[in-house]
file my_file.pdb (PDB, C-alpha atoms)
ATOM      1  CA  MET T   1     -22.053   0.022  17.206
ATOM      2  CA  PHE T   2     -22.030   2.285  20.213
ATOM      3  CA  LEU T   3     -23.186   5.813  19.320
ATOM      4  CA  LYS T   4     -23.646   8.784  21.618
ATOM      5  CA  THR T   5     -24.363  12.394  20.661
ATOM      6  CA  LEU T   6     -23.055  15.251  22.778
ATOM      7  CA  VAL T   7     -24.023  18.843  21.995
ATOM      8  CA  VAL T   8     -20.977  20.933  22.859
ATOM      9  CA  GLY T   9     -19.794  24.510  22.929
ATOM     10  CA  PRO T  10     -21.494  27.886  22.533
ATOM     11  CA  LEU T  11     -22.530  27.117  18.957
ATOM     12  CA  GLY T  12     -24.188  23.821  19.885
ATOM     13  CA  ALA T  13     -22.122  21.538  17.672
ATOM     14  CA  ASN T  14     -22.917  17.836  17.597
ATOM     15  CA  CYS T  15     -20.004  15.698  18.738
ATOM     16  CA  TYR T  16     -20.404  11.983  18.100
ATOM     17  CA  LEU T  17     -18.771   9.281  20.179
ATOM     18  CA  ILE T  18     -18.719   5.949  18.373
ATOM     19  CA  GLY T  19     -17.295   2.606  19.394
ATOM     20  CA  CYS T  20     -16.777  -0.994  18.381
ATOM     21  CA  LEU T  21     -18.694  -3.203  20.794
ATOM     22  CA  GLU T  22     -16.296  -6.090  20.222
ATOM     23  CA  THR T  23     -12.949  -4.389  20.822
ATOM     24  CA  LYS T  24     -14.124  -1.352  22.827
ATOM     25  CA  GLU T  25     -12.061   0.876  20.564
ATOM     26  CA  GLY T  26     -13.691   4.211  19.810
ATOM     27  CA  ALA T  27     -13.504   7.425  17.845
ATOM     28  CA  VAL T  28     -14.713  10.960  18.404
ATOM     29  CA  ILE T  29     -16.223  12.842  15.487
ATOM     30  CA  ASP T  30     -16.051  16.652  15.724
ATOM     31  CA  PRO T  31     -15.024  17.322  19.328
ATOM     32  CA  GLY T  32     -15.734  21.020  19.135
ATOM     33  CA  ALA T  33     -15.508  21.868  22.846
ATOM     34  CA  GLU T  34     -15.884  20.441  26.353
ATOM     35  CA  GLY T  35     -13.110  17.905  25.972
ATOM     36  CA  GLU T  36     -13.291  16.674  29.564
ATOM     37  CA  ARG T  37     -17.006  15.967  29.169
ATOM     38  CA  ILE T  38     -16.324  13.985  26.007
ATOM     39  CA  LEU T  39     -13.571  12.024  27.733
ATOM     40  CA  ALA T  40     -15.889  11.298  30.663
ATOM     41  CA  ALA T  41     -18.518   9.949  28.264
ATOM     42  CA  ALA T  42     -15.904   7.696  26.665
ATOM     43  CA  ARG T  43     -14.826   6.385  30.063
ATOM     44  CA  GLU T  44     -18.426   5.756  31.050
ATOM     45  CA  ALA T  45     -18.902   3.726  27.859
ATOM     46  CA  GLY T  46     -15.660   1.836  28.445
ATOM     47  CA  LEU T  47     -14.171   3.042  25.160
ATOM     48  CA  ALA T  48     -10.509   3.582  24.353
ATOM     49  CA  ILE T  49     -10.436   6.556  21.964
ATOM     50  CA  LYS T  50      -8.081   5.822  19.095
ATOM     51  CA  GLN T  51      -9.136   8.435  16.528
ATOM     52  CA  ILE T  52     -10.357  12.024  16.398
ATOM     53  CA  ILE T  53     -12.151  12.686  13.115
ATOM     54  CA  ASN T  54     -12.937  16.228  12.010
ATOM     55  CA  THR T  55     -15.560  16.619   9.285
ATOM     56  CA  HIS T  56     -14.087  20.053   8.589
ATOM     57  CA  GLY T  57     -11.720  22.552  10.116
ATOM     58  CA  HIS T  58     -13.936  25.168  11.743
ATOM     59  CA  GLY T  59     -13.245  26.006  15.372
ATOM     60  CA  ASP T  60     -16.561  24.743  16.701
ATOM     61  CA  HIS T  61     -15.673  21.264  15.404
ATOM     62  CA  ILE T  62     -11.987  21.047  16.364
ATOM     63  CA  GLY T  63     -11.874  22.954  19.677
ATOM     64  CA  ALA T  64     -11.356  19.918  21.918
ATOM     65  CA  ASN T  65      -8.904  18.102  19.644
ATOM     66  CA  ALA T  66      -5.963  19.093  21.824
ATOM     67  CA  THR T  67      -7.578  18.000  25.100
ATOM     68  CA  ILE T  68      -8.554  14.596  23.738
ATOM     69  CA  LYS T  69      -5.238  14.105  21.946
ATOM     70  CA  LYS T  70      -3.327  14.857  25.151
ATOM     71  CA  ALA T  71      -5.411  12.415  27.193
ATOM     72  CA  THR T  72      -5.561   9.528  24.713
ATOM     73  CA  ASN T  73      -2.867  10.076  22.053
ATOM     74  CA  ALA T  74      -5.613   9.432  19.492
ATOM     75  CA  ALA T  75      -4.788  10.117  15.858
ATOM     76  CA  ILE T  76      -6.297  13.277  14.343
ATOM     77  CA  LEU T  77      -7.895  12.767  10.921
ATOM     78  CA  ILE T  78      -9.060  15.564   8.613
ATOM     79  CA  HIS T  79      -9.314  16.146   4.861
ATOM     80  CA  LYS T  80      -6.079  17.433   3.402
ATOM     81  CA  LEU T  81      -7.668  20.680   2.209
ATOM     82  CA  ASP T  82      -8.851  21.635   5.711
ATOM     83  CA  ALA T  83      -5.691  20.569   7.548
ATOM     84  CA  PRO T  84      -4.293  24.144   7.509
ATOM     85  CA  CYS T  85      -7.276  25.235   9.635
ATOM     86  CA  LEU T  86      -6.061  23.222  12.600
ATOM     87  CA  ASN T  87      -3.403  25.677  13.737
ATOM     88  CA  ASP T  88      -4.812  28.905  12.248
ATOM     89  CA  PRO T  89      -7.555  30.687  14.246
ATOM     90  CA  GLY T  90      -8.210  32.929  11.258
ATOM     91  CA  ALA T  91      -8.741  30.049   8.857
ATOM     92  CA  ASN T  92     -10.842  28.057  11.334
ATOM     93  CA  LEU T  93     -12.912  31.193  12.070
ATOM     94  CA  SER T  94     -12.578  30.892  15.852
ATOM     95  CA  SER T  95     -10.871  34.281  15.988
ATOM     96  CA  LEU T  96     -14.088  35.869  14.738
ATOM     97  CA  ILE T  97     -15.870  34.942  17.974
ATOM     98  CA  GLY T  98     -12.949  35.469  20.331
ATOM     99  CA  PHE T  99     -11.892  31.883  21.036
ATOM    100  CA  ARG T 100      -8.740  31.453  18.905
ATOM    101  CA  GLU T 101      -8.927  27.663  18.799
ATOM    102  CA  THR T 102      -5.951  25.622  17.668
ATOM    103  CA  SER T 103      -5.314  21.900  17.365
ATOM    104  CA  PRO T 104      -2.319  19.609  17.098
ATOM    105  CA  PRO T 105      -1.493  18.761  13.481
ATOM    106  CA  ALA T 106      -3.205  15.983  11.592
ATOM    107  CA  ASP T 107      -1.866  12.460  11.891
ATOM    108  CA  ARG T 108      -3.712  11.342   8.770
ATOM    109  CA  LEU T 109      -4.876  13.402   5.802
ATOM    110  CA  LEU T 110      -8.089  12.130   4.280
ATOM    111  CA  GLU T 111      -9.252  12.046   0.679
ATOM    112  CA  GLU T 112     -12.348  10.958  -1.235
ATOM    113  CA  ASN T 113     -13.178   7.242  -0.841
ATOM    114  CA  ASP T 114     -10.717   6.652   1.988
ATOM    115  CA  THR T 115     -11.928   4.271   4.680
ATOM    116  CA  ILE T 116     -11.575   4.643   8.436
ATOM    117  CA  ASN T 117     -11.751   1.535  10.596
ATOM    118  CA  VAL T 118     -12.803   1.792  14.230
ATOM    119  CA  GLY T 119     -12.109  -1.481  15.993
ATOM    120  CA  LYS T 120     -13.184  -4.580  14.069
ATOM    121  CA  THR T 121     -16.798  -3.765  13.327
ATOM    122  CA  ILE T 122     -16.995  -0.142  12.144
ATOM    123  CA  THR T 123     -15.915   1.098   8.728
ATOM    124  CA  LEU T 124     -16.538   4.677   7.654
ATOM    125  CA  LYS T 125     -16.204   5.768   4.038
ATOM    126  CA  VAL T 126     -14.987   9.299   3.395
ATOM    127  CA  ILE T 127     -17.179  11.340   1.058
ATOM    128  CA  HIS T 128     -15.612  14.659   0.063
ATOM    129  CA  THR T 129     -18.369  17.288   0.084
ATOM    130  CA  PRO T 130     -16.829  20.737  -0.430
ATOM    131  CA  GLY T 131     -18.943  23.846  -0.155
ATOM    132  CA  HIS T 132     -19.069  24.718   3.522
ATOM    133  CA  THR T 133     -15.286  24.415   3.522
ATOM    134  CA  PRO T 134     -12.940  23.198   0.765
ATOM    135  CA  GLY T 135     -12.158  20.025   2.715
ATOM    136  CA  GLY T 136     -15.558  19.252   4.180
ATOM    137  CA  ILE T 137     -16.351  15.557   4.379
ATOM    138  CA  CYS T 138     -19.188  13.219   5.268
ATOM    139  CA  LEU T 139     -18.650   9.782   6.787
ATOM    140  CA  GLN T 140     -20.820   6.893   5.605
ATOM    141  CA  GLY T 141     -21.183   3.862   7.816
ATOM    142  CA  GLU T 142     -23.661   1.022   8.103
ATOM    143  CA  GLY T 143     -27.123   2.570   8.195
ATOM    144  CA  LEU T 144     -25.934   6.108   8.746
ATOM    145  CA  VAL T 145     -23.975   9.068   7.480
ATOM    146  CA  PHE T 146     -22.310  11.803   9.517
ATOM    147  CA  THR T 147     -22.729  14.954   7.447
ATOM    148  CA  GLY T 148     -20.840  17.604   9.403
ATOM    149  CA  ASP T 149     -21.936  21.058   8.280
ATOM    150  CA  THR T 150     -22.762  19.915   4.753
ATOM    151  CA  LEU T 151     -26.361  18.779   5.280
ATOM    152  CA  PHE T 152     -28.718  19.506   8.163
ATOM    153  CA  ALA T 153     -32.308  18.519   8.840
ATOM    154  CA  GLY T 154     -34.165  20.949   6.608
ATOM    155  CA  SER T 155     -31.110  23.027   5.742
ATOM    156  CA  ILE T 156     -27.491  23.112   4.567
ATOM    157  CA  GLY T 157     -24.261  24.559   5.907
ATOM    158  CA  ARG T 158     -23.337  28.180   5.365
ATOM    159  CA  THR T 159     -21.356  28.930   2.238
ATOM    160  CA  ASP T 160     -20.576  32.613   2.808
ATOM    161  CA  PHE T 161     -17.395  31.995   4.788
ATOM    162  CA  PRO T 162     -13.946  32.109   3.120
ATOM    163  CA  GLY T 163     -13.523  28.993   1.002
ATOM    164  CA  GLY T 164     -17.252  28.364   0.824
ATOM    165  CA  SER T 165     -19.171  27.694  -2.377
ATOM    166  CA  PHE T 166     -22.943  27.373  -2.639
ATOM    167  CA  SER T 167     -22.781  25.671  -6.033
ATOM    168  CA  GLN T 168     -20.196  23.141  -4.838
ATOM    169  CA  LEU T 169     -22.214  22.273  -1.748
ATOM    170  CA  ILE T 170     -25.467  21.830  -3.662
ATOM    171  CA  SER T 171     -23.738  19.651  -6.250
ATOM    172  CA  ALA T 172     -22.014  17.561  -3.600
ATOM    173  CA  VAL T 173     -25.268  16.866  -1.753
ATOM    174  CA  LYS T 174     -27.186  16.029  -4.927
ATOM    175  CA  GLU T 175     -24.495  13.889  -6.519
ATOM    176  CA  LYS T 176     -22.927  12.193  -3.496
ATOM    177  CA  LEU T 177     -25.454  12.154  -0.633
ATOM    178  CA  PHE T 178     -28.821  11.989  -2.366
ATOM    179  CA  THR T 179     -27.625   8.956  -4.324
ATOM    180  CA  LEU T 180     -27.348   7.021  -1.052
ATOM    181  CA  ASP T 181     -30.143   4.864   0.371
ATOM    182  CA  ASP T 182     -33.204   6.759   1.579
ATOM    183  CA  GLU T 183     -33.120   4.904   4.902
ATOM    184  CA  LEU T 184     -29.666   6.124   5.918
ATOM    185  CA  VAL T 185     -29.887   8.169   9.111
ATOM    186  CA  VAL T 186     -28.297  11.607   8.749
ATOM    187  CA  TYR T 187     -26.323  12.744  11.791
ATOM    188  CA  PRO T 188     -25.454  16.405  11.133
ATOM    189  CA  GLY T 189     -22.996  18.807  12.702
ATOM    190  CA  HIS T 190     -25.790  20.824  14.318
ATOM    191  CA  GLY T 191     -29.418  20.112  15.090
ATOM    192  CA  PRO T 192     -31.536  16.961  14.983
ATOM    193  CA  ALA T 193     -31.010  13.803  12.970
ATOM    194  CA  SER T 194     -32.914  13.081   9.763
ATOM    195  CA  THR T 195     -32.716  10.620   6.870
ATOM    196  CA  ILE T 196     -31.466  10.889   3.311
ATOM    197  CA  GLY T 197     -34.968  10.201   2.002
ATOM    198  CA  VAL T 198     -36.596  12.933   4.075
ATOM    199  CA  GLU T 199     -33.982  15.490   3.071
ATOM    200  CA  ARG T 200     -34.198  14.610  -0.596
ATOM    201  CA  VAL T 201     -37.947  15.246  -0.569
ATOM    202  CA  ASP T 202     -38.428  17.952   2.048
ATOM    203  CA  ASN T 203     -35.232  20.002   2.301
ATOM    204  CA  PRO T 204     -36.172  23.420   0.870
ATOM    205  CA  PHE T 205     -32.735  23.904  -0.708
ATOM    206  CA  PHE T 206     -33.450  20.990  -3.053
ATOM    207  CA  ALA T 207     -37.177  21.351  -3.699
TER
END
call {"tool": "encode", "arguments": {"input": "my_file.pdb", "output": "structure tokens"}}
result
Amino acid sequence: MFLKTLVVGPLGANCYLIGCLETKEGAVIDPGAEGERILAAAREAGLAIKQIINTHGHGDHIGANATIKKATNAAILIHKLDAPCLNDPGANLSSLIGFRETSPPADRLLEENDTINVGKTITLKVIHTPGHTPGGICLQGEGLVFTGDTLFAGSIGRTDFPGGSFSQLISAVKEKLFTLDDELVVYPGHGPASTIGVERVDNPFFA
């Protein structure tokens, strides 16, 4: 699998560009900003972007949806509970920092245990992990999990925004992420990568 991390936007969100090495079909996870830079990275890798996957609906993770959609006609995928954030700067919180981000509507509404295929060789399983937002998701693939703003290296996502729930987030991580293999690499929405095993043992929110 091709995998490239781009840190984008004023809030330093991690955008992940993934691709099937056999078909050269790709997907962008959380294109929060700098759409032209993301598109340039895809062209450099020789990838045809077919899907835009949002782990949740906050503005710093959806801000470049429109740019990438316009250039590639890729399908936008987001959990059904966060879909209303796409066209509402208040709900996606971008209005709080003066950006007023909006996105085209979702082409596919995701739910727990859905699968997303990228080319022939990549399958991502949708894990619904509410707490940061009602429709927050993680994406489990072979040897890795993209955790959005649910789980960070040494921390968790904020739960004090509208729709957030500390108890839901803690339960989701314990019951759905910490039951995964220790060796899975955690690729979060902000900050450095980690592993499930390291976070289970060392993350202070679960000590």
call {"tool": "resolve_selection", "arguments": {"input": "my_file.pdb", "expression": "the PyMOL selection byres ((chain T and resi 171) around 12)", "output": "list in words"}}
result
His128, Thr129, Pro130, Gly131, His132, Thr150, Leu151, Ile156, Ser165, Phe166, Ser167, Gln168, Leu169, Ile170, Ala172, Val173, Lys174, Glu175, Lys176, Leu177, Phe178, Thr179, Phe205 and Phe206 of chain T
call {"tool": "closest_residue", "arguments": {"input": "my_file.pdb", "among": "T:Thr147, T:Asn73, T:Asn87, T:Asn117", "to": "Thr23 in chain T", "atoms": "all atoms listed in the file"}}
result
T:Asn117
call {"tool": "residues_around", "arguments": {"input": "my_file.pdb", "residues": "Ala41 in chain T", "least_positions_apart": "4", "cutoff": "10 Å", "atoms": "all atoms listed in the file", "output": "PyMOL selection string"}}
result
chain T and resi 4-6+17+35-37+45-47
call {"tool": "atom_distance", "arguments": {"input": "my_file.pdb", "atom1": "CA of Lys125 in chain T", "atom2": "CA of Ala64 in chain T"}}
result
23.3 Å
call {"tool": "residues_around", "arguments": {"input": "my_file.pdb", "residues": "Gly19 in chain T", "least_positions_apart": "3", "cutoff": "10 Å", "atoms": "only C-alpha atoms", "output": "list in words"}}
result
Met1, Phe2, Leu3, Lys4, Tyr16, Glu22, Thr23, Lys24, Glu25, Gly26, Ala27, Val28, Ala42, Ala45, Gly46, Leu47, Ala48, Ile49, Lys50, Val118, Gly119, Lys120, Thr121 and Ile122 of chain T
call {"tool": "resolve_selection", "arguments": {"input": "my_file.pdb", "expression": "the PyMOL selection byres ((chain T and resi 137) around 7)", "output": "mmCIF file with C-alpha atoms, in the coordinates of the input"}}
result
data_model
loop_
_atom_site.group_PDB
_atom_site.id
_atom_site.type_symbol
_atom_site.label_atom_id
_atom_site.label_comp_id
_atom_site.auth_asym_id
_atom_site.auth_seq_id
_atom_site.Cartn_x
_atom_site.Cartn_y
_atom_site.Cartn_z
ATOM 1 C CA THR T 55 -15.560 16.619 9.285
ATOM 2 C CA HIS T 56 -14.087 20.053 8.589
ATOM 3 C CA VAL T 126 -14.987 9.299 3.395
ATOM 4 C CA ILE T 127 -17.179 11.340 1.058
ATOM 5 C CA HIS T 128 -15.612 14.659 0.063
ATOM 6 C CA THR T 129 -18.369 17.288 0.084
ATOM 7 C CA GLY T 135 -12.158 20.025 2.715
ATOM 8 C CA GLY T 136 -15.558 19.252 4.180
ATOM 9 C CA CYS T 138 -19.188 13.219 5.268
ATOM 10 C CA LEU T 139 -18.650 9.782 6.787
#
